>>> print(open('final.txt').read())   # compact mmCIF, C-alpha atoms and all ligand atoms
# COMPACT_ATOMS: atom_id res chain seq x y z
CA MET A 792 15.07 -5.86 -9.67
CA ALA A 793 16.29 -2.42 -8.79
CA ALA A 794 14.73 0.80 -7.55
CA ILE A 795 11.29 2.11 -8.46
CA VAL A 796 10.28 5.72 -7.95
CA LEU A 797 6.70 6.56 -7.11
CA ILE A 798 5.80 10.15 -7.88
CA GLY A 799 2.62 12.21 -7.95
CA ALA A 800 2.15 13.62 -11.46
CA GLN A 801 -0.04 16.57 -10.44
CA TRP A 802 -0.17 18.70 -7.27
CA GLY A 803 -0.07 15.82 -4.79
CA ASP A 804 -2.89 13.82 -3.22
CA GLU A 805 -3.15 11.57 -6.28
CA GLY A 806 -3.52 8.48 -4.09
CA LYS A 807 0.11 7.35 -3.79
CA GLY A 808 -0.57 5.38 -0.60
CA LYS A 809 -2.77 2.98 -2.55
CA ALA A 810 -0.04 2.32 -5.11
CA THR A 811 2.64 1.74 -2.46
CA ASP A 812 0.35 -0.56 -0.66
CA LEU A 813 -0.45 -2.50 -3.84
CA LEU A 814 3.25 -3.02 -4.56
CA GLY A 815 4.04 -3.65 -0.89
CA GLU A 816 4.24 -7.42 -1.01
CA LYS A 817 6.73 -7.39 -3.89
CA LEU A 818 9.11 -4.98 -2.21
CA GLN A 819 11.81 -5.42 0.37
CA TRP A 820 12.22 -1.70 1.08
CA VAL A 821 10.11 1.45 1.01
CA VAL A 822 11.94 4.77 1.33
CA ARG A 823 10.67 8.32 1.83
CA TYR A 824 13.15 10.64 0.11
CA GLN A 825 11.87 14.21 0.60
CA GLY A 826 9.28 16.34 2.36
CA GLY A 827 8.12 15.79 5.89
CA ASN A 828 4.83 15.69 7.74
CA ASN A 829 3.30 18.06 5.20
CA ALA A 830 2.42 14.83 3.39
CA GLY A 831 -0.55 12.64 4.10
CA HIS A 832 -1.16 9.17 2.70
CA THR A 833 -4.36 7.29 3.35
CA VAL A 834 -4.19 3.52 3.11
CA VAL A 835 -7.27 1.32 3.35
CA LEU A 836 -6.55 -2.33 4.21
CA PRO A 837 -8.70 -5.22 2.88
CA ASN A 838 -10.48 -5.44 6.27
CA GLY A 839 -11.58 -1.82 5.80
CA GLU A 840 -9.13 -0.41 8.37
CA THR A 841 -7.92 3.06 7.38
CA PHE A 842 -4.49 4.48 8.21
CA ALA A 843 -3.38 8.07 7.65
CA LEU A 844 0.40 8.30 7.43
CA HIS A 845 2.39 11.52 7.31
CA LEU A 846 6.05 10.82 7.91
CA ILE A 847 6.36 7.06 7.97
CA PRO A 848 6.52 5.19 4.63
CA SER A 849 3.33 3.30 3.81
CA GLY A 850 5.33 0.06 3.59
CA ILE A 851 5.05 -0.05 7.38
CA LEU A 852 1.61 -1.65 6.90
CA THR A 853 3.05 -4.57 4.95
CA PRO A 854 4.68 -7.18 7.20
CA GLY A 855 8.32 -7.88 6.37
CA VAL A 856 9.01 -4.66 4.45
CA ASN A 857 11.91 -2.48 5.64
CA ASN A 858 11.03 1.19 5.84
CA VAL A 859 13.45 4.08 5.63
CA ILE A 860 13.10 7.78 6.27
CA GLY A 861 15.86 8.95 3.96
CA ASN A 862 18.39 11.76 4.21
CA GLY A 863 16.26 14.04 2.04
CA VAL A 864 13.37 14.11 4.52
CA VAL A 865 12.82 16.71 7.26
CA VAL A 866 11.71 14.98 10.45
CA ASP A 867 9.63 16.53 13.20
CA PRO A 868 10.52 14.20 16.09
CA SER A 869 7.31 14.75 18.04
CA VAL A 870 5.25 13.89 14.95
CA LEU A 871 7.39 10.82 14.30
CA LEU A 872 6.85 9.50 17.82
CA ALA A 873 3.13 10.25 17.79
CA GLU A 874 2.74 8.46 14.47
CA LEU A 875 4.70 5.44 15.73
CA LYS A 876 2.55 5.29 18.85
CA GLY A 877 -0.62 5.51 16.76
CA LEU A 878 0.54 2.52 14.70
CA GLU A 879 1.71 0.51 17.72
CA ASP A 880 -1.60 1.13 19.50
CA ARG A 881 -3.22 -0.59 16.52
CA ASP A 882 -0.75 -3.50 16.70
CA VAL A 883 1.30 -2.54 13.65
CA ASP A 884 4.89 -3.80 13.90
CA THR A 885 7.13 -0.72 13.66
CA SER A 886 10.44 -2.47 14.31
CA ARG A 887 11.39 -2.22 10.63
CA LEU A 888 11.54 1.57 10.50
CA LEU A 889 14.97 3.17 10.14
CA LEU A 890 15.90 6.82 10.15
CA SER A 891 18.77 8.31 8.17
CA ALA A 892 21.45 9.90 10.36
CA ASP A 893 21.62 12.71 7.79
CA ALA A 894 17.93 13.62 7.65
CA HIS A 895 17.27 17.08 9.04
CA LEU A 896 15.35 17.59 12.25
CA LEU A 897 12.41 19.92 12.08
CA MET A 898 12.67 22.04 15.21
CA PRO A 899 9.95 23.98 17.10
CA TYR A 900 11.30 27.27 15.70
CA HIS A 901 10.68 26.08 12.14
CA VAL A 902 6.99 25.67 12.86
CA ALA A 903 6.85 29.08 14.55
CA ILE A 904 8.55 30.78 11.60
CA ASP A 905 6.38 29.01 8.98
CA LYS A 906 3.24 30.31 10.66
CA VAL A 907 4.37 33.91 11.16
CA THR A 908 5.82 34.14 7.65
CA GLU A 909 2.56 33.05 6.05
CA ARG A 910 0.63 35.56 8.14
CA PHE A 911 3.10 38.28 7.18
CA LEU A 912 2.76 37.49 3.44
CA GLY A 913 -0.99 38.18 3.54
CA ASN A 914 -2.45 37.87 0.02
CA SER A 915 0.87 36.61 -1.33
CA LYS A 916 0.93 33.63 1.04
CA ILE A 917 1.85 30.18 -0.29
CA GLY A 918 -0.85 28.38 1.66
CA THR A 919 1.68 26.08 3.34
CA THR A 920 0.65 23.25 5.63
CA GLY A 921 2.13 25.26 8.53
CA ARG A 922 4.34 22.34 9.53
CA GLY A 923 7.66 24.20 9.31
CA ILE A 924 8.79 22.49 6.11
CA GLY A 925 10.08 25.59 4.26
CA PRO A 926 12.03 27.04 7.21
CA CYS A 927 13.64 23.64 7.91
CA TYR A 928 14.83 23.27 4.30
CA GLN A 929 16.02 26.88 4.38
CA ASP A 930 18.29 25.97 7.30
CA LYS A 931 19.50 22.86 5.48
CA ILE A 932 20.53 24.87 2.42
CA ALA A 933 21.97 27.66 4.58
CA ARG A 934 24.05 24.97 6.33
CA VAL A 935 22.71 25.81 9.79
CA GLY A 936 20.35 22.84 10.10
CA VAL A 937 20.25 20.24 12.86
CA ARG A 938 20.53 16.66 11.65
CA VAL A 939 19.23 13.45 13.18
CA ALA A 940 22.73 12.28 14.16
CA ASP A 941 23.27 15.47 16.16
CA VAL A 942 21.09 14.04 18.94
CA LEU A 943 23.89 11.54 19.57
CA ASP A 944 26.19 14.35 20.70
CA GLU A 945 24.67 16.76 23.21
CA LYS A 946 27.53 19.25 22.88
CA ILE A 947 27.16 19.55 19.13
CA LEU A 948 23.38 19.69 19.36
CA THR A 949 23.58 22.53 21.89
CA GLN A 950 26.04 24.48 19.74
CA LYS A 951 23.83 24.15 16.68
CA VAL A 952 20.60 25.06 18.43
CA GLU A 953 22.22 28.06 20.13
CA ALA A 954 23.65 29.29 16.83
CA ALA A 955 20.32 28.84 15.06
CA LEU A 956 18.31 30.56 17.78
CA GLU A 957 20.65 33.50 18.00
CA VAL A 958 19.35 34.57 14.59
CA LYS A 959 15.84 33.07 14.73
CA ASN A 960 14.98 34.71 18.04
CA GLN A 961 15.89 38.10 16.59
CA ILE A 962 13.56 37.42 13.66
CA LEU A 963 10.74 36.15 15.86
CA THR A 964 10.94 38.96 18.39
CA LYS A 965 12.05 41.97 16.34
CA ILE A 966 10.32 41.37 13.01
CA TYR A 967 7.26 39.37 13.96
CA ASN A 968 6.77 40.55 17.52
CA ARG A 969 6.59 36.98 18.87
CA LYS A 970 8.24 35.33 21.84
CA GLY A 971 11.70 33.86 21.29
CA LEU A 972 12.57 30.27 22.23
CA ASP A 973 14.94 29.24 25.01
CA PRO A 974 17.82 27.18 23.52
CA ASN A 975 18.14 25.02 26.63
CA GLU A 976 14.48 24.12 26.52
CA VAL A 977 14.74 23.27 22.83
CA VAL A 978 17.82 21.08 23.40
CA ASP A 979 16.30 19.29 26.40
CA GLY A 980 13.03 18.74 24.54
CA THR A 981 14.88 17.33 21.53
CA LEU A 982 17.04 15.00 23.64
CA GLU A 983 13.99 13.72 25.47
CA LEU A 984 12.23 12.95 22.18
CA ALA A 985 15.41 11.37 20.82
CA GLU A 986 15.17 8.64 23.45
CA GLY A 987 12.18 7.39 21.49
CA PHE A 988 13.93 7.15 18.10
CA LYS A 989 17.69 6.87 18.77
CA HIS A 990 17.70 3.13 18.19
CA ARG A 991 16.40 3.68 14.64
CA ILE A 992 19.23 5.97 13.48
CA SER A 993 21.21 4.29 10.69
CA ASP A 994 23.51 4.85 7.75
CA THR A 995 20.56 4.20 5.48
CA ARG A 996 22.38 4.94 2.21
CA LEU A 997 24.83 2.16 3.00
CA LEU A 998 22.01 -0.25 3.84
CA LEU A 999 20.10 0.65 0.68
CA ASN A 1000 23.13 0.18 -1.54
CA HIS A 1001 23.85 -3.20 0.07
CA ALA A 1002 20.23 -4.15 -0.52
CA LEU A 1003 20.53 -3.23 -4.20
CA GLU A 1004 23.69 -5.30 -4.48
CA ARG A 1005 21.76 -8.27 -3.06
CA GLY A 1006 19.15 -7.78 -5.82
CA GLU A 1007 16.41 -6.52 -3.52
CA THR A 1008 13.67 -4.18 -4.71
CA ILE A 1009 13.36 -0.68 -3.29
CA LEU A 1010 10.42 1.64 -3.68
CA LEU A 1011 11.33 5.31 -3.41
CA GLU A 1012 8.15 6.96 -2.29
CA GLY A 1013 7.73 10.61 -3.28
CA SER A 1014 5.47 12.95 -1.37
CA GLN A 1015 3.57 15.98 -2.69
CA GLY A 1016 3.79 15.97 -6.50
CA THR A 1017 5.55 17.12 -9.66
CA LEU A 1018 3.98 20.58 -9.72
CA LEU A 1019 4.92 21.17 -6.08
CA ASP A 1020 8.61 20.54 -6.86
CA VAL A 1021 10.76 23.55 -5.93
CA ASP A 1022 12.54 23.41 -9.32
CA HIS A 1023 9.93 22.01 -11.70
CA GLY A 1024 6.68 23.04 -10.04
CA THR A 1025 4.56 26.16 -10.13
CA TYR A 1026 7.11 28.24 -8.22
CA PRO A 1027 6.72 29.99 -5.80
CA TYR A 1028 3.54 28.03 -4.97
CA VAL A 1029 5.50 24.86 -4.29
CA THR A 1030 6.98 22.90 -1.44
CA SER A 1031 10.65 23.32 -0.52
CA SER A 1032 12.02 20.01 -1.79
CA ASN A 1033 12.32 17.93 -4.98
CA PRO A 1034 9.58 15.33 -5.21
CA THR A 1035 10.39 14.73 -8.91
CA ALA A 1036 12.15 11.47 -9.73
CA GLY A 1037 15.64 12.99 -9.79
CA GLY A 1038 15.19 13.95 -6.14
CA ALA A 1039 14.79 10.29 -5.24
CA ALA A 1040 18.43 9.43 -5.91
CA VAL A 1041 19.63 12.41 -3.90
CA GLY A 1042 17.18 11.96 -1.04
CA ALA A 1043 17.95 8.27 -0.59
CA GLY A 1044 21.65 8.19 -1.46
CA ILE A 1045 21.57 5.76 -4.37
CA GLY A 1046 22.83 6.28 -7.92
CA PRO A 1047 20.27 7.40 -10.52
CA GLY A 1048 21.24 4.44 -12.73
CA ARG A 1049 19.71 2.13 -10.12
CA ILE A 1050 16.23 3.45 -10.90
CA ASP A 1051 14.62 1.40 -13.63
CA THR A 1052 10.93 2.24 -13.20
CA VAL A 1053 9.26 5.57 -12.55
CA LEU A 1054 5.64 5.08 -11.61
CA GLY A 1055 3.60 8.26 -11.89
CA ILE A 1056 0.37 8.57 -9.97
CA LEU A 1057 -2.27 10.40 -11.89
CA LYS A 1058 -5.73 11.22 -10.60
CA ALA A 1059 -8.51 10.93 -13.22
CA TYR A 1060 -9.21 14.63 -12.53
CA THR A 1061 -7.12 17.33 -10.82
CA THR A 1062 -6.89 18.71 -7.28
CA ARG A 1063 -4.73 21.23 -5.53
CA VAL A 1064 -4.36 22.41 -1.93
CA GLY A 1065 -3.00 25.84 -1.07
CA GLU A 1066 -2.55 28.88 -3.28
CA GLY A 1067 -1.29 29.20 -6.85
CA PRO A 1068 -2.47 28.91 -10.46
CA PHE A 1069 -4.64 25.97 -11.54
CA PRO A 1070 -5.89 26.27 -15.16
CA THR A 1071 -8.67 23.63 -15.07
CA GLU A 1072 -10.01 24.67 -11.67
CA LEU A 1073 -13.81 24.52 -11.44
CA PHE A 1074 -15.81 27.02 -9.44
CA ASP A 1075 -19.22 25.62 -10.38
CA GLU A 1076 -21.34 22.68 -9.28
CA TRP A 1077 -19.00 20.24 -11.08
CA GLY A 1078 -16.12 21.33 -8.88
CA ALA A 1079 -18.29 20.72 -5.83
CA TYR A 1080 -19.34 17.37 -7.31
CA LEU A 1081 -15.73 16.19 -7.74
CA ALA A 1082 -14.84 17.40 -4.23
CA LYS A 1083 -17.78 15.60 -2.66
CA THR A 1084 -17.68 12.39 -4.69
CA GLY A 1085 -13.89 12.16 -4.47
CA GLY A 1086 -13.78 13.01 -0.74
CA GLU A 1087 -11.27 15.76 -1.52
CA VAL A 1088 -10.19 16.90 1.92
CA GLY A 1089 -6.50 17.17 2.87
CA VAL A 1090 -5.29 14.27 5.04
CA THR A 1091 -2.78 16.50 6.84
CA THR A 1092 -4.55 19.82 7.20
CA GLY A 1093 -8.22 18.93 6.73
CA ARG A 1094 -8.43 21.75 4.15
CA ALA A 1095 -10.87 21.34 1.27
CA ARG A 1096 -8.97 20.64 -1.96
CA ARG A 1097 -9.58 22.75 -5.05
CA THR A 1098 -10.85 20.59 -7.92
CA GLY A 1099 -10.82 20.62 -11.72
CA TRP A 1100 -10.90 18.45 -14.83
CA PHE A 1101 -7.98 16.34 -16.02
CA ASP A 1102 -5.15 18.42 -17.45
CA ALA A 1103 -3.11 16.59 -20.10
CA VAL A 1104 -0.59 19.43 -20.45
CA ILE A 1105 0.44 18.79 -16.86
CA ALA A 1106 0.51 15.02 -17.36
CA ARG A 1107 2.76 15.33 -20.42
CA TYR A 1108 5.03 17.63 -18.44
CA ALA A 1109 5.17 15.15 -15.55
CA THR A 1110 6.00 12.31 -17.93
CA ARG A 1111 8.90 14.32 -19.26
CA VAL A 1112 10.46 15.78 -16.11
CA ASN A 1113 10.23 12.51 -14.20
CA GLY A 1114 10.90 10.07 -17.03
CA ILE A 1115 7.68 8.27 -16.14
CA THR A 1116 7.58 4.71 -17.48
CA ASP A 1117 4.15 3.70 -16.12
CA TYR A 1118 1.11 5.44 -14.76
CA PHE A 1119 -1.26 4.40 -11.98
CA LEU A 1120 -4.52 6.20 -12.75
CA THR A 1121 -6.52 6.68 -9.55
CA LYS A 1122 -10.13 7.49 -8.71
CA LEU A 1123 -11.63 6.69 -12.11
CA ASP A 1124 -14.82 5.65 -10.26
CA VAL A 1125 -15.35 9.28 -9.17
CA LEU A 1126 -16.14 10.20 -12.78
CA SER A 1127 -18.93 7.63 -13.21
CA SER A 1128 -22.35 9.09 -13.98
CA LEU A 1129 -21.21 12.21 -15.83
CA GLU A 1130 -22.87 12.93 -19.17
CA THR A 1131 -19.55 13.95 -20.73
CA VAL A 1132 -16.06 14.11 -19.26
CA PRO A 1133 -13.93 17.09 -20.32
CA ILE A 1134 -10.17 16.69 -20.76
CA CYS A 1135 -7.89 19.72 -21.05
CA VAL A 1136 -5.69 18.88 -24.06
CA ALA A 1137 -3.86 22.22 -24.44
CA TYR A 1138 -3.96 25.82 -23.21
CA GLU A 1139 -4.74 29.10 -24.82
CA VAL A 1140 -2.17 31.62 -23.62
CA ASP A 1141 -2.71 35.23 -24.66
CA GLY A 1142 -4.64 34.16 -27.75
CA GLU A 1143 -2.28 31.35 -28.84
CA ARG A 1144 -2.63 27.58 -28.51
CA VAL A 1145 0.08 26.05 -26.33
CA ASP A 1146 0.53 22.28 -26.08
CA ASP A 1147 3.29 22.25 -23.49
CA MET A 1148 3.82 23.85 -20.12
CA PRO A 1149 4.29 27.60 -20.66
CA MET A 1150 7.86 28.72 -20.06
CA THR A 1151 7.05 31.59 -17.70
CA GLN A 1152 5.06 31.93 -14.49
CA THR A 1153 3.00 34.66 -16.18
CA GLY A 1154 2.22 32.37 -19.13
CA PHE A 1155 0.93 29.70 -16.75
CA HIS A 1156 -1.16 32.26 -14.86
CA HIS A 1157 -2.76 33.28 -18.18
CA ALA A 1158 -3.35 29.69 -19.38
CA LYS A 1159 -6.97 28.92 -20.28
CA PRO A 1160 -7.86 25.28 -20.82
CA ILE A 1161 -8.85 23.99 -24.27
CA TYR A 1162 -11.20 21.09 -23.64
CA GLU A 1163 -12.09 17.95 -25.53
CA GLU A 1164 -15.32 16.28 -24.40
CA MET A 1165 -15.40 12.50 -23.96
CA PRO A 1166 -18.71 10.63 -23.59
CA GLY A 1167 -19.33 9.58 -19.99
CA TRP A 1168 -20.52 6.29 -18.45
CA TRP A 1169 -23.22 5.55 -15.93
CA GLU A 1170 -22.22 2.17 -14.63
CA ASP A 1171 -20.76 1.62 -11.15
CA ILE A 1172 -17.21 0.53 -11.96
CA SER A 1173 -16.03 -0.11 -8.40
CA GLY A 1174 -16.29 -3.88 -8.89
CA CYS A 1175 -14.33 -3.99 -12.18
CA ARG A 1176 -11.08 -5.95 -11.93
CA THR A 1177 -9.93 -6.12 -15.56
CA PHE A 1178 -9.72 -3.42 -18.21
CA GLU A 1179 -12.32 -5.28 -20.25
CA ASP A 1180 -14.76 -5.13 -17.30
CA LEU A 1181 -14.88 -1.34 -17.69
CA PRO A 1182 -17.67 0.21 -19.79
CA LYS A 1183 -16.46 1.09 -23.30
CA ASN A 1184 -16.61 4.85 -22.63
CA ALA A 1185 -14.50 4.49 -19.49
CA GLN A 1186 -11.97 2.43 -21.47
CA ASP A 1187 -11.87 5.12 -24.14
CA TYR A 1188 -11.34 7.81 -21.51
CA VAL A 1189 -8.36 5.89 -20.09
CA LEU A 1190 -6.88 5.25 -23.54
CA ARG A 1191 -7.20 8.93 -24.44
CA LEU A 1192 -5.45 9.97 -21.22
CA GLU A 1193 -2.70 7.48 -22.02
CA GLU A 1194 -2.26 8.87 -25.51
CA LEU A 1195 -2.19 12.47 -24.27
CA SER A 1196 0.09 11.77 -21.30
CA GLY A 1197 2.72 9.86 -23.23
CA ALA A 1198 3.17 6.91 -20.86
CA HIS A 1199 1.45 3.58 -20.39
CA ILE A 1200 -1.43 3.49 -17.88
CA SER A 1201 -0.58 0.22 -16.15
CA CYS A 1202 -2.90 0.32 -13.12
CA ILE A 1203 -6.32 1.88 -12.62
CA GLY A 1204 -7.94 2.58 -9.26
CA VAL A 1205 -11.70 2.06 -9.13
CA GLY A 1206 -12.24 2.53 -5.39
CA PRO A 1207 -10.30 3.21 -2.18
CA GLY A 1208 -9.82 -0.42 -1.12
CA ARG A 1209 -6.58 -2.32 -1.66
CA ASP A 1210 -8.29 -4.79 -4.02
CA GLN A 1211 -10.14 -2.13 -6.05
CA THR A 1212 -7.44 -1.91 -8.69
CA ILE A 1213 -7.19 -3.02 -12.31
CA VAL A 1214 -3.68 -4.11 -13.27
CA ARG A 1215 -3.10 -3.91 -17.03
CA ARG A 1216 0.64 -4.41 -16.76
CA GLU A 1217 2.56 -5.59 -13.70
CA ILE A 1218 4.95 -2.95 -12.32
CA VAL A 1219 7.25 -5.33 -10.46
P1 LIG B 1301 4.57 23.27 2.56
O1 LIG B 1301 5.08 22.00 1.94
O2 LIG B 1301 3.87 23.04 3.87
O3 LIG B 1301 5.63 24.33 2.64
O4 LIG B 1301 3.44 23.87 1.59
C1 LIG B 1301 3.76 24.35 0.29
C2 LIG B 1301 2.65 24.02 -0.69
O5 LIG B 1301 2.62 22.62 -0.92
C3 LIG B 1301 1.24 24.38 -0.21
O6 LIG B 1301 0.47 24.76 -1.33
C4 LIG B 1301 0.71 23.08 0.35
O7 LIG B 1301 -0.70 23.02 0.34
C5 LIG B 1301 1.32 22.10 -0.63
N1 LIG B 1301 1.49 20.76 -0.08
C6 LIG B 1301 2.44 20.34 0.79
N2 LIG B 1301 2.30 19.04 1.04
C7 LIG B 1301 1.27 18.61 0.31
C8 LIG B 1301 0.69 17.31 0.09
O8 LIG B 1301 1.10 16.28 0.64
N3 LIG B 1301 -0.36 17.29 -0.78
C9 LIG B 1301 -0.80 18.38 -1.43
N4 LIG B 1301 -0.28 19.59 -1.27
C10 LIG B 1301 0.75 19.70 -0.42
>>> encode(input="final.txt", output="structure tokens", more="lines below")
Ligand code: IMP
Amino acid sequence: MAAIVLIGAQWGDEGKGKATDLLGEKLQWVVRYQGGNNAGHTVVLPNGETFALHLIPSGILTPGVNNVIGNGVVVDPSVLLAELKGLEDRDVDTSRLLLSADAHLLMPYHVAIDKVTERFLGNSKIGTTGRGIGPCYQDKIARVGVRVADVLDEKILTQKVEAALEVKNQILTKIYNRKGLDPNEVVDGTLELAEGFKHRISDTRLLLNHALERGETILLEGSQGTLLDVDHGTYPYVTSSNPTAGGAAVGAGIGPGRIDTVLGILKAYTTRVGEGPFPTELFDEWGAYLAKTGGEVGVTTGRARRTGWFDAVIARYATRVNGITDYFLTKLDVLSSLETVPICVAYEVDGERVDDMPMTQTGFHHAKPIYEEMPGWWEDISGCRTFEDLPKNAQDYVLRLEELSGAHISCIGVGPGRDQTIVRREIV
């Protein structure tokens, strides 16, 4: 086996943790390749225990799996240590977590700048998670970032923090009228935190490539989702990294030819957190119904998620830009007991039917969904374990999504638990 990419096909929160966890026992490695603690994965173990993970790959909950925070991730050290402690307090073995020497450190000034920038943008705000993600990636691209390995050399760390704060403090104090940060305090604070993770710093790209040479299987776990990708998403209402499958090779340091499966996670309806266009968004009682029945509250921020019907234009787009080979359809049970289930099959943009993602931001803002109505089902499907166990109308709904999305729906989630999954085709 080789590398598998796991990627959200919509705006994130599709239930990726459940898929990782399902595959967990067949994998030797799970790697996070982008994003930071803006992500939130909920994993429910068979005994009912629930874990919310933000920075650490969900493979940490499967004994024997090696977990890597790859070079493409931005790491807030205080969040990392708090998350490790939370797991250790619940007797989870965290010894198999490694941290790429090249991952960027998310510093206190990134959080400060994220918050003031959003406030400054007013109505044009992105609706970020406020975790400093954008400012940290800005520093990475501007080549003034601080990387994990810098904590191994106090002199270098000090130089980098001083250089960064020389500019950032001017911005914080002169533009935003906030207090600046003391470089010595930032360095000391970082070095103190580093004592808790130093032993995990590794050349993870070397280890991953050796693992591939040994024939081991690696899961590259994307955070956020396709439409939050800085290149392929609904820019500027996106995150600052590349969750799409191509980002996995870059963010982990393996060749793209090593990836042989791209597993897209697709929720049976759509949700979005933060600002930005969302053609199938519902503002009526059905939106409230999906939010309530689906428990649609952000794991990281606790914000209520916006909800809407399934959008096949988006799914087709995700299939294409990620090269999705298989889909894991999640939360089908949430749609039980609807009279009919609408599916958005295309958009109307300025009076014309459009079957694919509009080329321009304005086109997407103007997109109005064209719906097809599928007959609903009343049965409780949470106990179904084979495709044939599903009511006929639920089967037809899945088959129609498959046809419209352009990739095989191999797994179907019918409840939050680890065992509440129908596997139509094995992924590994
Ligand atoms: P940032 O990643 O905090 O900069 O936020 C940018 C946008 O991505 C905002 O709309 C966030 O709500 C959204 N976002 C970031 N992480 C997640 C996630 O894990 N799930 C869903 N939305 C997210």
>>> residues_near_point(input="final.txt", point="(-10.8, 23.7, -8.4)", cutoff="8 Å", atoms="only C-alpha atoms", output="ChimeraX atom specification")
/A:1061-1063,1069,1071-1074,1078,1096-1099
>>> axis_aligned_box(input="final.txt", around="ligand LIG 1301 (chain B)", padding_each_side="6 Å", output="JSON")
{"center_x": 2.4, "center_y": 20.5, "center_z": 1.2, "size_x": 18.4, "size_y": 20.5, "size_z": 17.3}
>>> closest_residue(input="final.txt", among="A:Glu879, A:Thr1008, A:Lys931, A:Lys1159", to="Arg1049 (chain A)", atoms="all atoms listed in the file")
A:Thr1008
>>> atom_distance(input="final.txt", atom1="CA of Thr1091 (chain A)", atom2="CA of Thr1110 (chain A)")
26.6 Å
>>> residues_around(input="final.txt", residues="Tyr1060 (chain A)", least_positions_apart="6", cutoff="9 Å", atoms="all atoms listed in the file", output="count of residues only")
12
>>> closest_atom_pairs(input="final.txt", of="chain A", to="ligand LIG 1301 (chain B)", cutoff="9 Å", atoms="only C-alpha atoms and all ligand atoms", output="CSV")
residue,atom,partner,partner_atom,distance
A:Trp802,CA,B:LIG1301,C9,5.9
A:Gly803,CA,B:LIG1301,N3,4.3
A:Asp804,CA,B:LIG1301,N3,4.9
A:Glu805,CA,B:LIG1301,N3,8.4
A:Gly826,CA,B:LIG1301,O1,7.1
A:Gly827,CA,B:LIG1301,O1,8.0
A:Asn828,CA,B:LIG1301,N2,7.9
A:Asn829,CA,B:LIG1301,N2,4.4
A:Ala830,CA,B:LIG1301,O8,3.4
A:Gly831,CA,B:LIG1301,O8,5.3
A:His832,CA,B:LIG1301,O8,7.7
A:His845,CA,B:LIG1301,O8,8.3
A:Asp905,CA,B:LIG1301,O3,7.9
A:Ile917,CA,B:LIG1301,O6,5.7
A:Gly918,CA,B:LIG1301,O6,4.9
A:Thr919,CA,B:LIG1301,O4,3.3
A:Thr920,CA,B:LIG1301,O2,3.7
A:Gly921,CA,B:LIG1301,O2,5.4
A:Arg922,CA,B:LIG1301,O2,5.7
A:Gly923,CA,B:LIG1301,O2,6.7
A:Ile924,CA,B:LIG1301,O3,5.0
A:Gly925,CA,B:LIG1301,O3,4.9
A:Pro926,CA,B:LIG1301,O3,8.3
A:Ser1014,CA,B:LIG1301,O8,5.9
A:Gln1015,CA,B:LIG1301,O8,4.2
A:Gly1016,CA,B:LIG1301,N3,7.2
A:Leu1019,CA,B:LIG1301,O5,5.8
A:Asp1020,CA,B:LIG1301,O5,8.7
A:Pro1027,CA,B:LIG1301,C1,8.8
A:Tyr1028,CA,B:LIG1301,O6,5.8
A:Val1029,CA,B:LIG1301,C2,4.7
A:Thr1030,CA,B:LIG1301,C1,3.9
A:Ser1031,CA,B:LIG1301,O3,6.0
A:Ser1032,CA,B:LIG1301,O1,8.1
A:Thr1062,CA,B:LIG1301,C9,8.5
A:Arg1063,CA,B:LIG1301,C9,6.4
A:Val1064,CA,B:LIG1301,O7,4.3
A:Gly1065,CA,B:LIG1301,O6,3.6
A:Glu1066,CA,B:LIG1301,O6,5.5
A:Gly1067,CA,B:LIG1301,O6,7.3
A:Gly1089,CA,B:LIG1301,N3,7.1
A:Val1090,CA,B:LIG1301,O8,8.0
A:Thr1091,CA,B:LIG1301,O8,7.3
A:Thr1092,CA,B:LIG1301,O7,8.5
A:Arg1094,CA,B:LIG1301,O7,8.7
A:Arg1096,CA,B:LIG1301,C9,8.5
>>> decode(input="final.txt", residues="region 915-920 of chain A", atoms="N, CA, C and O atoms", output="CSV table (one decimal), in the first residue's frame")
chain,number,residue,atom,x,y,z
A,915,SER,N,-16.5,43.2,6.3
A,915,SER,CA,-15.7,42.4,5.3
A,915,SER,C,-14.9,41.3,6.0
A,915,SER,O,-14.1,40.7,5.3
A,916,LYS,N,-15.1,41.1,7.2
A,916,LYS,CA,-14.3,40.1,7.9
A,916,LYS,C,-14.5,38.7,7.3
A,916,LYS,O,-15.5,38.4,6.7
A,917,ILE,N,-13.5,37.8,7.6
A,917,ILE,CA,-13.5,36.5,7.0
A,917,ILE,C,-14.3,35.5,7.9
A,917,ILE,O,-14.8,34.5,7.5
A,918,GLY,N,-14.4,35.9,9.2
A,918,GLY,CA,-15.0,35.0,10.2
A,918,GLY,C,-14.0,33.9,10.6
A,918,GLY,O,-14.4,32.7,10.7
A,919,THR,N,-12.7,34.3,10.8
A,919,THR,CA,-11.7,33.3,11.1
A,919,THR,C,-12.0,32.7,12.5
A,919,THR,O,-12.8,33.2,13.2
A,920,THR,N,-11.2,31.6,12.8
A,920,THR,CA,-11.4,31.0,14.1
A,920,THR,C,-10.6,31.8,15.2
A,920,THR,O,-10.7,31.5,16.3
